[in-house]
Structures are given as C-alpha cells and as structure tokens.
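A.B. asks: The structure under discussion is supplied below as structure tokens; questions concerning it will follow.
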Amino acid sequence: MAIMLIYMEKEGYKDYESASFVSFRFLGVLLFAFPLGLIIKGRKLKPIFYLSSIFTPALSLIVLEAIDLKLDWLLYSSLFLWGISFTGVQISALPYILRNAKLETHTQAITLSYSTWSVAGIFSGSIIFGLRNWNPELFDEKLILQIISLLGFLCTITVFSIKKEEVVPKLIKSRFNLRDFDWLVILKALVPTLIIAVGAGLTIPFIGLFFYKIHGLDSDQFAILSALATAIVFSVVLFVPIIKEKLGYKRAIPITQIIAIAALIVLAFTEIINTWFAIYLAMAMYLIRQPLMNMAGPMTSDLVMKYVGEKNREMMSALTAAVWSGSWFISSKIFQVLRQVGLQYVYVFLITAGLYLFGVFMYYLLILDYEKKIKQLA
C-alpha cells in the first residue's frame, strides 16, 4: 500500500486525492464484514480462502492499470472490491486457527499467523529494493507491483493444496439470529480496537508518503526500510508467547504499546527538526515503533477472543475487521481534509499518538475485566 501511494504521487495524484481513493478499500471491508461474520458461522472457511486467493491478486493488477490510465471510476471500484476480497482472509483466519489448533497452542498459532505477514513484507520489500537498484529505468513502481501481484497467485496453489480436514462447529441456532450473540461483551471488546484503529488510519497508510515527501526516501529506499522493520517484527513476534507468559497481559500489552507511541511522537517531530540527522532519527523511530506495536497484536487478539468466548468469535473477528476498515475509511477522509487545509504531518501523527494512548488505557481496563471474569470462574 505504501509503495502504491508513492507510485500514485509520481503519477500526479496529490496525497489527499490518494487518501480519497484508498478510503474505498476500507469502505468495502466495512460494508462486507458484518454479513460475512454471520455467513461463516457454522460453515467451512476454506471456500473463503479459495476465492480470496484468486480475486485479491487479480484486483491488484486492475488497480495498477486504473492508476496508470487515470480511470477514477475503475480505481474506486477495484479498490472497493479488493477490500472485500482481502477481508475474506482477514475475517476467516482467526476463527479458522481457533477451530483447528489445540487450545494450548492458540497464542502460538495466532503469533505464527501474524509472522507470515511479516515474512511477506520482508520478501516484497527485498524484491522492490533489489529490482529498483538493478535496473531503475525498467523496474518502475508499476512493474514491480505487477510482479508482486502475480506472485500473489502462488497463494492459490498453497490454499488449494491444504488437505487437512477442517473442524466446523455445529450450528445450534440460526446463524442469522442476532440475539444469540453477547453484544455487550462484544462492544466492550471492540472499544479499544476502535480507538486505536482511528488513530492508526491517520498514519499507517500514509507513512510511506511521509518519508517520501518530508525526508526524500524513494520507493526502493522505503521498501528496504520497511523490509528491515518487518524482519525485526518477525523476530520479535516469535517471542510473544514467552513475553505473555512472563509478563501477562496486564504488563506486556501496555508496556510495548506505550514505548511504540513514544517512538511515533519522536518520528512526528522529525518533520520540524531542521538538522542533517532528522532522516536517520525518523528511520530509527520507525524501526522501534513497528515491532513494538505489532508485538501487541497477537496478544490483544488472543485476549479479545478469550474475553468474548467461543460463540462470539466469528462475529468478533468480522466486527474487528469492520471496525479497522470503517475507522480507516473515516481516518482517510479526515487525513484528506487535514492535508487539503495544509496541516503538517507532525500534527496528524500527534493526533494518532493521542488516540493510541487512550486506546491503550481502554485495553488495560479490558484486561482488568478479563482477569476479574477468570477469577469468578475459578
């Protein structure tokens, strides 16, 4: 996404225009997530993976052509459909893991799932950097993104080769019976995610543009920086089960997130630090922020799924995807307005930091409530 936005900038799109287009990706997820959460309850999840593995890379290729041809209607619609297709994986992954992994390995399985995204980030970042430096005239952003999209079809082969019999929970009541869910419990679990997601939507999709416009990092340079950050994420995330075991939710989640927020604040101020080392400070803070914020991801997912209970998991997974995408849709629109009126990136990122801090506090309250429930059941 970050490299695509740099590509759009080079093709003549303003950053606020790119934000408008990208918002439609999140709109697709927002509208599709809730119905999908109802549909997958008590059903096999593999067919969702099959469809997503085909349509996601195919729609990526269409998005790139729409940018090149300046076909706004095609860009809006293809990003909208891409969001829906990608949601199939986002929503189905956690329920699939929780259904098929042993109870005692849930945290490890979720961590491994997060790690696969890190490996993909390292791989794609290395491809972008390598090809751009090998032959920059031939391998522009569009061709590189087309190559990565085509490689995405390898996922189709992998998904169709899974032979393990899927565990499908027995459906006792109608999947469309909304009264079967504990909505108050789900709402409590969603609040911290909502707050953090709104903040993240103001920053994460546009961090590549920040480095490009403020610090002059081109797509290949940012790609290798992201690959390095992702490699650190991959290494650190593997230790999440140990960290959770040693510190527990109450300390592990807030500590990692607060340090990450501090790094984001320093990163934001590099825009107004008029000195030669500002770019290196920005890169260092990015390399600190990414692993620590991502380290909390498997722990918060594990916590939330345990908090809501087995019968609410599919719906919780769907609504989490909807909240993230809905928040990013709104945040993209807010970013569009803020940049149109000339607000600097530093202030946009500081808004994110403030929302993050509030979200971490709400996660802490959720942890306390979860521990209280565990004691009552003991």
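Naming works like this for the structure tokens: A, B, ... for the chains as they're shown, residue 1 at the start of each chain, ligands 1 onward in shown order.
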Can you tell me, as a ChimeraX atom specification, what residues are no more than 8 Å from Ile253 of chain A when counting only C-alpha atoms, ignoring any on the same chain fewer than 2 positions away?

C.D. replies: /A:249-251,255-257,296,299-300,360

A.B. asks: Any chance you could tabulate, as a tab-separated table, the residues of segment 172-237 of chain A at most 9 Å from segment 2-15 of chain A with each one's nearest atom pair and distance in Å to one decimal, using only C-alpha atoms, in chain and rising number order?

C.D. replies:
```
residue	atom	partner	partner_atom	distance
A:Ile204	CA	A:Ala2	CA	8.5
A:Pro205	CA	A:Ala2	CA	6.2
A:Phe206	CA	A:Ala2	CA	6.5
A:Ile207	CA	A:Ala2	CA	6.9
A:Gly208	CA	A:Ala2	CA	4.9
A:Leu209	CA	A:Ile6	CA	6.1
A:Tyr212	CA	A:Ile6	CA	7.3
A:Asp218	CA	A:Ile6	CA	7.8
A:Ser219	CA	A:Ile3	CA	5.8
A:Asp220	CA	A:Ile3	CA	8.5
A:Phe222	CA	A:Ile3	CA	8.1
A:Ala223	CA	A:Ile3	CA	7.4
```

A.B. asks: Step one, run DSSP on the backbone; step two, keep only residues of segment 7-178 of chain A assigned to helix (DSSP H, G or I); then write them as a ChimeraX atom specification.

C.D. replies: /A:7-10,15-39,46-69,72-100,103-134,141-151,154-160,178

A.B. asks: Restricting it to C-alpha atoms, dump the selection as a short mmCIF file (atom, residue, chain, number, x, y, z; two decimals), in the first residue's frame.

C.D. replies:
```cif
data_model
loop_
_atom_site.label_atom_id
_atom_site.label_comp_id
_atom_site.auth_asym_id
_atom_site.auth_seq_id
_atom_site.Cartn_x
_atom_site.Cartn_y
_atom_site.Cartn_z
CA TYR A 7 3.55 5.41 -7.27
CA MET A 8 0.34 7.47 -7.28
CA GLU A 9 2.28 10.55 -6.13
CA LYS A 10 4.67 10.12 -9.07
CA ASP A 15 -1.73 12.87 -1.22
CA TYR A 16 -5.26 13.94 -0.29
CA GLU A 17 -6.53 12.55 -3.63
CA SER A 18 -4.80 9.23 -2.92
CA ALA A 19 -6.44 9.19 0.52
CA SER A 20 -9.85 9.52 -1.14
CA PHE A 21 -9.20 6.51 -3.38
CA VAL A 22 -7.68 4.38 -0.62
CA SER A 23 -10.68 5.05 1.63
CA PHE A 24 -12.83 2.98 -0.74
CA ARG A 25 -10.72 -0.09 0.03
CA PHE A 26 -11.77 0.25 3.66
CA LEU A 27 -15.37 1.04 2.74
CA GLY A 28 -15.61 -2.35 1.01
CA VAL A 29 -14.47 -4.13 4.15
CA LEU A 30 -16.79 -2.07 6.35
CA LEU A 31 -19.89 -2.99 4.34
CA PHE A 32 -18.98 -6.66 3.84
CA ALA A 33 -17.53 -7.63 7.23
CA PHE A 34 -20.73 -7.90 9.29
CA PRO A 35 -22.68 -10.03 6.75
CA LEU A 36 -19.63 -12.29 6.35
CA GLY A 37 -19.42 -12.75 10.12
CA LEU A 38 -22.97 -14.12 10.07
CA ILE A 39 -22.48 -16.25 6.96
CA LYS A 46 -11.77 -22.90 3.19
CA PRO A 47 -14.03 -21.71 0.31
CA ILE A 48 -13.49 -18.12 1.52
CA PHE A 49 -9.72 -18.64 1.30
CA TYR A 50 -10.09 -20.11 -2.20
CA LEU A 51 -11.98 -17.08 -3.52
CA SER A 52 -9.75 -14.51 -1.82
CA SER A 53 -6.57 -16.16 -3.11
CA ILE A 54 -7.80 -15.68 -6.70
CA PHE A 55 -9.52 -12.30 -6.57
CA THR A 56 -7.06 -10.37 -4.37
CA PRO A 57 -4.04 -10.51 -6.75
CA ALA A 58 -6.31 -10.17 -9.82
CA LEU A 59 -7.88 -6.98 -8.45
CA SER A 60 -4.41 -5.67 -7.53
CA LEU A 61 -3.48 -5.79 -11.22
CA ILE A 62 -6.66 -3.92 -12.15
CA VAL A 63 -5.90 -1.22 -9.53
CA LEU A 64 -2.46 -0.64 -11.07
CA GLU A 65 -3.92 -0.28 -14.57
CA ALA A 66 -6.56 2.14 -13.28
CA ILE A 67 -3.83 4.34 -11.77
CA ASP A 68 -1.81 4.28 -14.99
CA LEU A 69 -4.82 5.11 -17.19
CA ASP A 72 -11.02 7.22 -11.45
CA TRP A 73 -14.22 5.14 -11.62
CA LEU A 74 -12.21 1.95 -12.15
CA LEU A 75 -9.78 2.83 -9.37
CA TYR A 76 -12.61 3.47 -6.88
CA SER A 77 -14.47 0.27 -7.82
CA SER A 78 -11.40 -2.02 -7.96
CA LEU A 79 -10.12 -0.79 -4.59
CA PHE A 80 -13.61 -1.31 -3.14
CA LEU A 81 -13.72 -4.90 -4.44
CA TRP A 82 -10.10 -5.51 -3.41
CA GLY A 83 -11.06 -4.57 0.15
CA ILE A 84 -13.93 -7.08 0.09
CA SER A 85 -11.70 -9.85 -1.29
CA PHE A 86 -8.92 -9.25 1.22
CA THR A 87 -11.48 -9.23 4.03
CA GLY A 88 -12.20 -12.88 3.33
CA VAL A 89 -8.74 -13.74 4.63
CA GLN A 90 -8.78 -11.17 7.44
CA ILE A 91 -12.05 -12.32 8.96
CA SER A 92 -11.69 -16.07 8.42
CA ALA A 93 -8.09 -16.50 9.61
CA LEU A 94 -8.60 -16.19 13.37
CA PRO A 95 -11.74 -18.38 13.57
CA TYR A 96 -10.00 -20.99 11.38
CA ILE A 97 -6.99 -21.05 13.73
CA LEU A 98 -9.13 -21.22 16.87
CA ARG A 99 -11.25 -24.03 15.40
CA ASN A 100 -8.37 -26.19 14.21
CA LEU A 103 -6.37 -24.94 22.87
CA GLU A 104 -2.94 -24.84 24.50
CA THR A 105 -1.31 -23.65 21.24
CA HIS A 106 -3.74 -20.82 20.39
CA THR A 107 -1.33 -17.99 21.27
CA GLN A 108 1.50 -19.65 19.32
CA ALA A 109 -0.77 -20.28 16.31
CA ILE A 110 -2.02 -16.69 16.24
CA THR A 111 1.57 -15.45 16.59
CA LEU A 112 2.64 -17.65 13.66
CA SER A 113 -0.23 -16.25 11.59
CA TYR A 114 0.96 -12.70 12.29
CA SER A 115 4.53 -13.76 11.44
CA THR A 116 3.57 -14.92 7.94
CA TRP A 117 2.56 -11.33 7.10
CA SER A 118 5.99 -10.22 8.33
CA VAL A 119 7.74 -12.74 6.08
CA ALA A 120 5.69 -11.48 3.13
CA GLY A 121 6.68 -7.90 3.98
CA ILE A 122 10.37 -8.82 4.10
CA PHE A 123 10.10 -10.67 0.79
CA SER A 124 8.22 -7.92 -1.07
CA GLY A 125 10.44 -5.15 0.36
CA SER A 126 13.55 -7.02 -0.77
CA ILE A 127 12.08 -7.50 -4.26
CA ILE A 128 11.27 -3.79 -4.59
CA PHE A 129 14.72 -2.68 -3.40
CA GLY A 130 16.58 -5.28 -5.48
CA LEU A 131 14.78 -4.65 -8.78
CA ARG A 132 14.82 -0.84 -8.43
CA ASN A 133 18.57 -0.86 -7.84
CA TRP A 134 19.28 -3.45 -10.53
CA GLU A 141 6.89 1.11 -9.25
CA LYS A 142 4.13 -0.12 -11.55
CA LEU A 143 6.08 -3.07 -12.98
CA ILE A 144 7.38 -4.11 -9.56
CA LEU A 145 3.88 -4.02 -8.05
CA GLN A 146 2.61 -6.04 -11.03
CA ILE A 147 5.29 -8.67 -10.38
CA ILE A 148 4.35 -8.85 -6.69
CA SER A 149 0.65 -9.12 -7.61
CA LEU A 150 1.41 -12.01 -9.99
CA LEU A 151 3.41 -13.73 -7.25
CA LEU A 154 1.08 -18.63 -5.72
CA CYS A 155 -1.18 -18.35 -2.68
CA THR A 156 -3.92 -20.02 -4.73
CA ILE A 157 -1.76 -23.12 -5.18
CA THR A 158 -0.95 -23.21 -1.47
CA VAL A 159 -4.56 -22.81 -0.34
CA PHE A 160 -5.88 -25.49 -2.70
CA LEU A 178 -28.66 -11.80 16.28
#
```
